[in-house]
file entry29.txt (compact mmCIF, N, CA and C atoms)
# COMPACT_ATOMS: atom_id res chain seq x y z
N MET A 69 153.59 209.24 294.07
CA MET A 69 152.33 209.32 294.77
C MET A 69 151.72 207.92 294.83
N ASP A 70 151.14 207.56 295.93
CA ASP A 70 150.48 206.28 296.11
C ASP A 70 149.26 206.20 295.19
N GLU A 71 149.04 205.05 294.58
CA GLU A 71 147.95 204.91 293.62
C GLU A 71 146.58 205.12 294.26
N THR A 72 146.45 204.89 295.55
CA THR A 72 145.16 205.05 296.21
C THR A 72 144.92 206.48 296.67
N THR A 73 145.90 207.34 296.51
CA THR A 73 145.77 208.73 296.91
C THR A 73 145.22 209.56 295.76
N HIS A 74 144.24 210.35 296.06
CA HIS A 74 143.66 211.23 295.05
C HIS A 74 144.64 212.39 294.79
N PRO A 75 144.79 212.83 293.55
CA PRO A 75 145.76 213.90 293.25
C PRO A 75 145.54 215.19 294.03
N ILE A 76 144.32 215.51 294.39
CA ILE A 76 144.04 216.75 295.12
C ILE A 76 144.39 216.62 296.60
N ASP A 77 144.56 215.39 297.08
CA ASP A 77 144.86 215.19 298.50
C ASP A 77 146.16 215.88 298.93
N SER A 78 147.13 215.96 298.04
CA SER A 78 148.38 216.64 298.43
C SER A 78 148.11 218.12 298.71
N TRP A 79 147.16 218.72 297.97
CA TRP A 79 146.79 220.11 298.25
C TRP A 79 146.04 220.22 299.56
N ARG A 80 145.23 219.21 299.87
CA ARG A 80 144.53 219.20 301.17
C ARG A 80 145.56 219.20 302.30
N HIS A 81 146.57 218.34 302.17
CA HIS A 81 147.64 218.30 303.18
C HIS A 81 148.36 219.64 303.25
N GLY A 82 148.59 220.25 302.10
CA GLY A 82 149.26 221.55 302.07
C GLY A 82 148.48 222.63 302.79
N ILE A 83 147.17 222.66 302.55
CA ILE A 83 146.32 223.65 303.23
C ILE A 83 146.32 223.42 304.73
N ILE A 84 146.19 222.16 305.13
CA ILE A 84 146.17 221.84 306.57
C ILE A 84 147.50 222.24 307.22
N GLY A 85 148.60 221.96 306.56
CA GLY A 85 149.91 222.36 307.08
C GLY A 85 150.03 223.87 307.20
N PHE A 86 149.56 224.57 306.18
CA PHE A 86 149.56 226.03 306.19
C PHE A 86 148.72 226.57 307.35
N LEU A 87 147.54 225.99 307.54
CA LEU A 87 146.68 226.42 308.65
C LEU A 87 147.36 226.18 310.00
N ASN A 88 147.99 225.03 310.15
CA ASN A 88 148.70 224.75 311.41
C ASN A 88 149.84 225.73 311.63
N ASP A 89 150.57 226.05 310.57
CA ASP A 89 151.72 226.96 310.71
C ASP A 89 151.30 228.37 311.10
N TYR A 90 150.14 228.81 310.65
CA TYR A 90 149.71 230.20 310.86
C TYR A 90 148.39 230.28 311.63
N TRP A 91 148.13 229.26 312.44
CA TRP A 91 146.85 229.14 313.14
C TRP A 91 146.48 230.39 313.93
N SER A 92 147.38 230.96 314.68
CA SER A 92 147.03 232.10 315.54
C SER A 92 146.53 233.30 314.73
N VAL A 93 147.00 233.45 313.51
CA VAL A 93 146.56 234.55 312.65
C VAL A 93 145.29 234.18 311.90
N LEU A 94 145.20 232.94 311.45
CA LEU A 94 144.10 232.52 310.60
C LEU A 94 142.83 232.11 311.35
N GLU A 95 142.96 231.61 312.56
CA GLU A 95 141.82 231.07 313.28
C GLU A 95 140.59 231.98 313.27
N PRO A 96 140.72 233.26 313.58
CA PRO A 96 139.51 234.10 313.62
C PRO A 96 138.86 234.31 312.25
N GLN A 97 139.58 234.02 311.17
CA GLN A 97 139.07 234.26 309.83
C GLN A 97 138.41 233.04 309.20
N ILE A 98 138.61 231.88 309.77
CA ILE A 98 138.17 230.64 309.15
C ILE A 98 136.67 230.43 309.36
N LYS A 99 135.95 230.22 308.26
CA LYS A 99 134.50 230.00 308.31
C LYS A 99 134.11 228.61 307.80
N CYS A 100 135.06 227.85 307.31
CA CYS A 100 134.79 226.53 306.74
C CYS A 100 135.06 225.44 307.78
N PRO A 101 134.91 224.17 307.42
CA PRO A 101 135.16 223.07 308.37
C PRO A 101 136.56 223.10 309.01
N ALA A 102 137.50 223.79 308.39
CA ALA A 102 138.85 223.88 308.96
C ALA A 102 138.86 224.59 310.31
N LYS A 103 137.77 225.27 310.66
CA LYS A 103 137.69 225.94 311.97
C LYS A 103 137.79 224.92 313.10
N ASN A 104 137.51 223.65 312.79
CA ASN A 104 137.58 222.59 313.80
C ASN A 104 138.94 221.90 313.86
N LEU A 105 139.88 222.38 313.10
CA LEU A 105 141.21 221.76 313.05
C LEU A 105 141.79 221.57 314.45
N ARG A 106 141.68 222.59 315.27
CA ARG A 106 142.24 222.53 316.63
C ARG A 106 141.16 222.70 317.70
N ASN A 107 139.97 222.27 317.41
CA ASN A 107 138.87 222.36 318.37
C ASN A 107 139.28 221.63 319.65
N PRO A 108 139.17 222.28 320.82
CA PRO A 108 139.64 221.64 322.05
C PRO A 108 138.81 220.42 322.48
N VAL A 109 137.56 220.33 322.04
CA VAL A 109 136.70 219.21 322.44
C VAL A 109 136.69 218.10 321.39
N ASN A 110 136.56 218.48 320.12
CA ASN A 110 136.45 217.50 319.06
C ASN A 110 137.27 217.95 317.84
N PRO A 111 138.59 217.88 317.91
CA PRO A 111 139.42 218.35 316.80
C PRO A 111 139.26 217.47 315.56
N ASP A 112 139.39 218.10 314.41
CA ASP A 112 139.35 217.39 313.13
C ASP A 112 140.69 217.62 312.45
N PRO A 113 141.61 216.66 312.55
CA PRO A 113 142.95 216.85 311.99
C PRO A 113 142.99 216.87 310.47
N LYS A 114 141.90 216.47 309.80
CA LYS A 114 141.86 216.46 308.34
C LYS A 114 140.58 217.12 307.81
N PRO A 115 140.33 218.37 308.18
CA PRO A 115 139.07 218.99 307.79
C PRO A 115 138.88 219.15 306.29
N CYS A 116 139.94 219.35 305.56
CA CYS A 116 139.84 219.58 304.12
C CYS A 116 139.48 218.31 303.35
N PHE A 117 139.58 217.17 303.99
CA PHE A 117 139.24 215.92 303.32
C PHE A 117 137.74 215.73 303.19
N GLY A 118 136.95 216.57 303.86
CA GLY A 118 135.50 216.54 303.70
C GLY A 118 135.01 217.50 302.63
N CYS A 119 135.91 218.27 302.06
CA CYS A 119 135.54 219.25 301.04
C CYS A 119 135.65 218.66 299.64
N LEU A 120 134.82 219.16 298.74
CA LEU A 120 134.90 218.76 297.34
C LEU A 120 136.24 219.21 296.75
N ASP A 121 136.71 218.49 295.75
CA ASP A 121 137.97 218.84 295.11
C ASP A 121 137.96 220.28 294.59
N ALA A 122 136.85 220.69 294.01
CA ALA A 122 136.76 222.06 293.48
C ALA A 122 136.94 223.09 294.59
N GLN A 123 136.42 222.80 295.79
CA GLN A 123 136.57 223.73 296.91
C GLN A 123 138.03 223.82 297.33
N VAL A 124 138.72 222.69 297.37
CA VAL A 124 140.13 222.68 297.74
C VAL A 124 140.93 223.55 296.77
N LEU A 125 140.70 223.37 295.48
CA LEU A 125 141.41 224.18 294.49
C LEU A 125 141.05 225.66 294.62
N THR A 126 139.80 225.95 294.92
CA THR A 126 139.38 227.33 295.13
C THR A 126 140.12 227.95 296.31
N CYS A 127 140.27 227.20 297.39
CA CYS A 127 141.00 227.70 298.56
C CYS A 127 142.43 228.05 298.20
N VAL A 128 143.07 227.24 297.39
CA VAL A 128 144.45 227.50 296.99
C VAL A 128 144.51 228.71 296.07
N ILE A 129 143.64 228.75 295.09
CA ILE A 129 143.67 229.81 294.09
C ILE A 129 143.33 231.17 294.69
N GLN A 130 142.45 231.20 295.67
CA GLN A 130 142.04 232.47 296.27
C GLN A 130 143.09 233.08 297.19
N GLN A 131 144.12 232.36 297.48
CA GLN A 131 145.17 232.87 298.36
C GLN A 131 146.07 233.83 297.58
N PRO A 132 146.56 234.86 298.26
CA PRO A 132 147.59 235.69 297.61
C PRO A 132 148.76 234.79 297.21
N SER A 133 149.48 235.17 296.19
CA SER A 133 150.55 234.32 295.66
C SER A 133 151.57 233.92 296.73
N ARG A 134 151.84 234.78 297.68
CA ARG A 134 152.81 234.43 298.72
C ARG A 134 152.28 233.28 299.59
N ASN A 135 150.96 233.21 299.78
CA ASN A 135 150.39 232.13 300.58
C ASN A 135 150.33 230.82 299.79
N GLU A 136 150.08 230.91 298.50
CA GLU A 136 150.07 229.68 297.69
C GLU A 136 151.43 228.98 297.80
N HIS A 137 152.49 229.75 297.80
CA HIS A 137 153.83 229.19 297.96
C HIS A 137 153.95 228.47 299.31
N LEU A 138 153.40 229.06 300.36
CA LEU A 138 153.46 228.44 301.69
C LEU A 138 152.62 227.16 301.74
N ILE A 139 151.50 227.16 301.06
CA ILE A 139 150.68 225.95 300.98
C ILE A 139 151.45 224.87 300.22
N ARG A 140 152.04 225.26 299.10
CA ARG A 140 152.81 224.31 298.28
C ARG A 140 153.95 223.69 299.09
N MET A 141 154.59 224.47 299.95
CA MET A 141 155.70 223.96 300.76
C MET A 141 155.22 222.90 301.76
N ASN A 142 153.95 222.91 302.12
CA ASN A 142 153.40 221.96 303.08
C ASN A 142 152.86 220.69 302.44
N ARG A 143 152.91 220.61 301.12
CA ARG A 143 152.46 219.39 300.45
C ARG A 143 153.46 218.27 300.75
N PRO A 144 153.00 217.03 300.76
CA PRO A 144 153.91 215.90 301.02
C PRO A 144 155.07 215.90 300.02
N LYS A 145 156.21 215.50 300.49
CA LYS A 145 157.41 215.44 299.65
C LYS A 145 157.16 214.49 298.47
N GLY A 146 157.66 214.88 297.30
CA GLY A 146 157.47 214.08 296.11
C GLY A 146 156.19 214.41 295.36
N GLU A 147 155.37 215.31 295.92
CA GLU A 147 154.11 215.67 295.27
C GLU A 147 154.04 217.15 295.01
N GLU A 148 155.18 217.83 295.02
CA GLU A 148 155.20 219.28 294.83
C GLU A 148 154.88 219.63 293.41
call {"tool": "encode", "arguments": {"input": "entry29.txt", "output": "structure tokens"}}
result
Amino acid sequence: MDETTHPIDSWRHGIIGFLNDYWSVLEPQIKCPAKNLRNPVNPDPKPCFGCLDAQVLTCVIQQPSRNEHLIRMNRPKGEE
């Protein structure tokens, strides 16, 4: 991991990858800043980077175990 990268950032990338992979199912359920991930006017490609670390961990922990695995698979290589 790069020294300038925060340890929770790999989970942020994982969540964003998970959201992109399952966007059509998840979009109507999203109430957080990630709802702007694919906004047609002003997309935010890194919405989870505006969230506190505790919120990022909460998002991962609140997922059913099968989804946590999918989030983990989207983390950058070498940071699993």
call {"tool": "atom_distance", "arguments": {"input": "entry29.txt", "atom1": "atom CA of A:Thr73", "atom2": "atom CA of A:Leu94"}}
result
27.5 Å
call {"tool": "closest_residue", "arguments": {"input": "entry29.txt", "among": "A:Asn88, A:Leu138, A:Pro132, A:Pro75", "to": "A:Lys103", "atoms": "only C-alpha atoms"}}
result
A:Asn88
call {"tool": "residues_around", "arguments": {"input": "entry29.txt", "residues": "stretch 107-116 of chain A", "least_positions_apart": "4", "cutoff": "8 Å", "atoms": "all atoms listed in the file", "output": "PDB file with N, CA and C atoms, in the frame of the given file"}}
result
ATOM      1  N   ASP A  77     144.560 215.390 297.080  1.00  0.00           N
ATOM      2  CA  ASP A  77     144.860 215.190 298.500  1.00  0.00           C
ATOM      3  C   ASP A  77     146.160 215.880 298.930  1.00  0.00           C
ATOM      4  N   TRP A  79     147.160 218.720 297.970  1.00  0.00           N
ATOM      5  CA  TRP A  79     146.790 220.110 298.250  1.00  0.00           C
ATOM      6  C   TRP A  79     146.040 220.220 299.560  1.00  0.00           C
ATOM      7  N   ARG A  80     145.230 219.210 299.870  1.00  0.00           N
ATOM      8  CA  ARG A  80     144.530 219.200 301.170  1.00  0.00           C
ATOM      9  C   ARG A  80     145.560 219.200 302.300  1.00  0.00           C
ATOM     10  N   HIS A  81     146.570 218.340 302.170  1.00  0.00           N
ATOM     11  CA  HIS A  81     147.640 218.300 303.180  1.00  0.00           C
ATOM     12  C   HIS A  81     148.360 219.640 303.250  1.00  0.00           C
ATOM     13  N   ILE A  83     147.170 222.660 302.550  1.00  0.00           N
ATOM     14  CA  ILE A  83     146.320 223.650 303.230  1.00  0.00           C
ATOM     15  C   ILE A  83     146.320 223.420 304.730  1.00  0.00           C
ATOM     16  N   ILE A  84     146.190 222.160 305.130  1.00  0.00           N
ATOM     17  CA  ILE A  84     146.170 221.840 306.570  1.00  0.00           C
ATOM     18  C   ILE A  84     147.500 222.240 307.220  1.00  0.00           C
ATOM     19  N   CYS A 100     135.060 227.850 307.310  1.00  0.00           N
ATOM     20  CA  CYS A 100     134.790 226.530 306.740  1.00  0.00           C
ATOM     21  C   CYS A 100     135.060 225.440 307.780  1.00  0.00           C
ATOM     22  N   PRO A 101     134.910 224.170 307.420  1.00  0.00           N
ATOM     23  CA  PRO A 101     135.160 223.070 308.370  1.00  0.00           C
ATOM     24  C   PRO A 101     136.560 223.100 309.010  1.00  0.00           C
ATOM     25  N   ALA A 102     137.500 223.790 308.390  1.00  0.00           N
ATOM     26  CA  ALA A 102     138.850 223.880 308.960  1.00  0.00           C
ATOM     27  C   ALA A 102     138.860 224.590 310.310  1.00  0.00           C
ATOM     28  N   LYS A 103     137.770 225.270 310.660  1.00  0.00           N
ATOM     29  CA  LYS A 103     137.690 225.940 311.970  1.00  0.00           C
ATOM     30  C   LYS A 103     137.790 224.920 313.100  1.00  0.00           C
ATOM     31  N   LEU A 120     134.820 219.160 298.740  1.00  0.00           N
ATOM     32  CA  LEU A 120     134.900 218.760 297.340  1.00  0.00           C
ATOM     33  C   LEU A 120     136.240 219.210 296.750  1.00  0.00           C
ATOM     34  N   VAL A 124     138.720 222.690 297.370  1.00  0.00           N
ATOM     35  CA  VAL A 124     140.130 222.680 297.740  1.00  0.00           C
ATOM     36  C   VAL A 124     140.930 223.550 296.770  1.00  0.00           C
TER      37      VAL A 124
END
call {"tool": "atom_distance", "arguments": {"input": "entry29.txt", "atom1": "atom CA of A:Gly118", "atom2": "atom CA of A:Arg134"}}
result
25.4 Å
call {"tool": "atom_distance", "arguments": {"input": "entry29.txt", "atom1": "atom CA of A:Arg140", "atom2": "atom CA of A:Lys99"}}
result
21.6 Å
call {"tool": "select_by_dssp", "arguments": {"input": "entry29.txt", "residues": "chain A", "states": "alpha helix (DSSP H)", "output": "mmCIF file with N, CA and C atoms, in the coordinates of the input"}}
result
data_model
loop_
_atom_site.group_PDB
_atom_site.id
_atom_site.type_symbol
_atom_site.label_atom_id
_atom_site.label_comp_id
_atom_site.auth_asym_id
_atom_site.auth_seq_id
_atom_site.Cartn_x
_atom_site.Cartn_y
_atom_site.Cartn_z
ATOM 1 N N ASP A 77 144.560 215.390 297.080
ATOM 2 C CA ASP A 77 144.860 215.190 298.500
ATOM 3 C C ASP A 77 146.160 215.880 298.930
ATOM 4 N N SER A 78 147.130 215.960 298.040
ATOM 5 C CA SER A 78 148.380 216.640 298.430
ATOM 6 C C SER A 78 148.110 218.120 298.710
ATOM 7 N N TRP A 79 147.160 218.720 297.970
ATOM 8 C CA TRP A 79 146.790 220.110 298.250
ATOM 9 C C TRP A 79 146.040 220.220 299.560
ATOM 10 N N ARG A 80 145.230 219.210 299.870
ATOM 11 C CA ARG A 80 144.530 219.200 301.170
ATOM 12 C C ARG A 80 145.560 219.200 302.300
ATOM 13 N N HIS A 81 146.570 218.340 302.170
ATOM 14 C CA HIS A 81 147.640 218.300 303.180
ATOM 15 C C HIS A 81 148.360 219.640 303.250
ATOM 16 N N GLY A 82 148.590 220.250 302.100
ATOM 17 C CA GLY A 82 149.260 221.550 302.070
ATOM 18 C C GLY A 82 148.480 222.630 302.790
ATOM 19 N N ILE A 83 147.170 222.660 302.550
ATOM 20 C CA ILE A 83 146.320 223.650 303.230
ATOM 21 C C ILE A 83 146.320 223.420 304.730
ATOM 22 N N ILE A 84 146.190 222.160 305.130
ATOM 23 C CA ILE A 84 146.170 221.840 306.570
ATOM 24 C C ILE A 84 147.500 222.240 307.220
ATOM 25 N N GLY A 85 148.600 221.960 306.560
ATOM 26 C CA GLY A 85 149.910 222.360 307.080
ATOM 27 C C GLY A 85 150.030 223.870 307.200
ATOM 28 N N PHE A 86 149.560 224.570 306.180
ATOM 29 C CA PHE A 86 149.560 226.030 306.190
ATOM 30 C C PHE A 86 148.720 226.570 307.350
ATOM 31 N N LEU A 87 147.540 225.990 307.540
ATOM 32 C CA LEU A 87 146.680 226.420 308.650
ATOM 33 C C LEU A 87 147.360 226.180 310.000
ATOM 34 N N ASN A 88 147.990 225.030 310.150
ATOM 35 C CA ASN A 88 148.700 224.750 311.410
ATOM 36 C C ASN A 88 149.840 225.730 311.630
ATOM 37 N N ASP A 89 150.570 226.050 310.570
ATOM 38 C CA ASP A 89 151.720 226.960 310.710
ATOM 39 C C ASP A 89 151.300 228.370 311.100
ATOM 40 N N TRP A 91 148.130 229.260 312.440
ATOM 41 C CA TRP A 91 146.850 229.140 313.140
ATOM 42 C C TRP A 91 146.480 230.390 313.930
ATOM 43 N N SER A 92 147.380 230.960 314.680
ATOM 44 C CA SER A 92 147.030 232.100 315.540
ATOM 45 C C SER A 92 146.530 233.300 314.730
ATOM 46 N N VAL A 93 147.000 233.450 313.510
ATOM 47 C CA VAL A 93 146.560 234.550 312.650
ATOM 48 C C VAL A 93 145.290 234.180 311.900
ATOM 49 N N LEU A 94 145.200 232.940 311.450
ATOM 50 C CA LEU A 94 144.100 232.520 310.600
ATOM 51 C C LEU A 94 142.830 232.110 311.350
ATOM 52 N N ASP A 121 136.710 218.490 295.750
ATOM 53 C CA ASP A 121 137.970 218.840 295.110
ATOM 54 C C ASP A 121 137.960 220.280 294.590
ATOM 55 N N ALA A 122 136.850 220.690 294.010
ATOM 56 C CA ALA A 122 136.760 222.060 293.480
ATOM 57 C C ALA A 122 136.940 223.090 294.590
ATOM 58 N N GLN A 123 136.420 222.800 295.790
ATOM 59 C CA GLN A 123 136.570 223.730 296.910
ATOM 60 C C GLN A 123 138.030 223.820 297.330
ATOM 61 N N VAL A 124 138.720 222.690 297.370
ATOM 62 C CA VAL A 124 140.130 222.680 297.740
ATOM 63 C C VAL A 124 140.930 223.550 296.770
ATOM 64 N N LEU A 125 140.700 223.370 295.480
ATOM 65 C CA LEU A 125 141.410 224.180 294.490
ATOM 66 C C LEU A 125 141.050 225.660 294.620
ATOM 67 N N THR A 126 139.800 225.950 294.920
ATOM 68 C CA THR A 126 139.380 227.330 295.130
ATOM 69 C C THR A 126 140.120 227.950 296.310
ATOM 70 N N CYS A 127 140.270 227.200 297.390
ATOM 71 C CA CYS A 127 141.000 227.700 298.560
ATOM 72 C C CYS A 127 142.430 228.050 298.200
ATOM 73 N N VAL A 128 143.070 227.240 297.390
ATOM 74 C CA VAL A 128 144.450 227.500 296.990
ATOM 75 C C VAL A 128 144.510 228.710 296.070
ATOM 76 N N ILE A 129 143.640 228.750 295.090
ATOM 77 C CA ILE A 129 143.670 229.810 294.090
ATOM 78 C C ILE A 129 143.330 231.170 294.690
ATOM 79 N N SER A 133 149.480 235.170 296.190
ATOM 80 C CA SER A 133 150.550 234.320 295.660
ATOM 81 C C SER A 133 151.570 233.920 296.730
ATOM 82 N N ARG A 134 151.840 234.780 297.680
ATOM 83 C CA ARG A 134 152.810 234.430 298.720
ATOM 84 C C ARG A 134 152.280 233.280 299.590
ATOM 85 N N ASN A 135 150.960 233.210 299.780
ATOM 86 C CA ASN A 135 150.390 232.130 300.580
ATOM 87 C C ASN A 135 150.330 230.820 299.790
ATOM 88 N N GLU A 136 150.080 230.910 298.500
ATOM 89 C CA GLU A 136 150.070 229.680 297.690
ATOM 90 C C GLU A 136 151.430 228.980 297.800
ATOM 91 N N HIS A 137 152.490 229.750 297.800
ATOM 92 C CA HIS A 137 153.830 229.190 297.960
ATOM 93 C C HIS A 137 153.950 228.470 299.310
ATOM 94 N N LEU A 138 153.400 229.060 300.360
ATOM 95 C CA LEU A 138 153.460 228.440 301.690
ATOM 96 C C LEU A 138 152.620 227.160 301.740
ATOM 97 N N ILE A 139 151.500 227.160 301.060
ATOM 98 C CA ILE A 139 150.680 225.950 300.980
ATOM 99 C C ILE A 139 151.450 224.870 300.220
ATOM 100 N N ARG A 140 152.040 225.260 299.100
ATOM 101 C CA ARG A 140 152.810 224.310 298.280
ATOM 102 C C ARG A 140 153.950 223.690 299.090
ATOM 103 N N MET A 141 154.590 224.470 299.950
ATOM 104 C CA MET A 141 155.700 223.960 300.760
ATOM 105 C C MET A 141 155.220 222.900 301.760
#
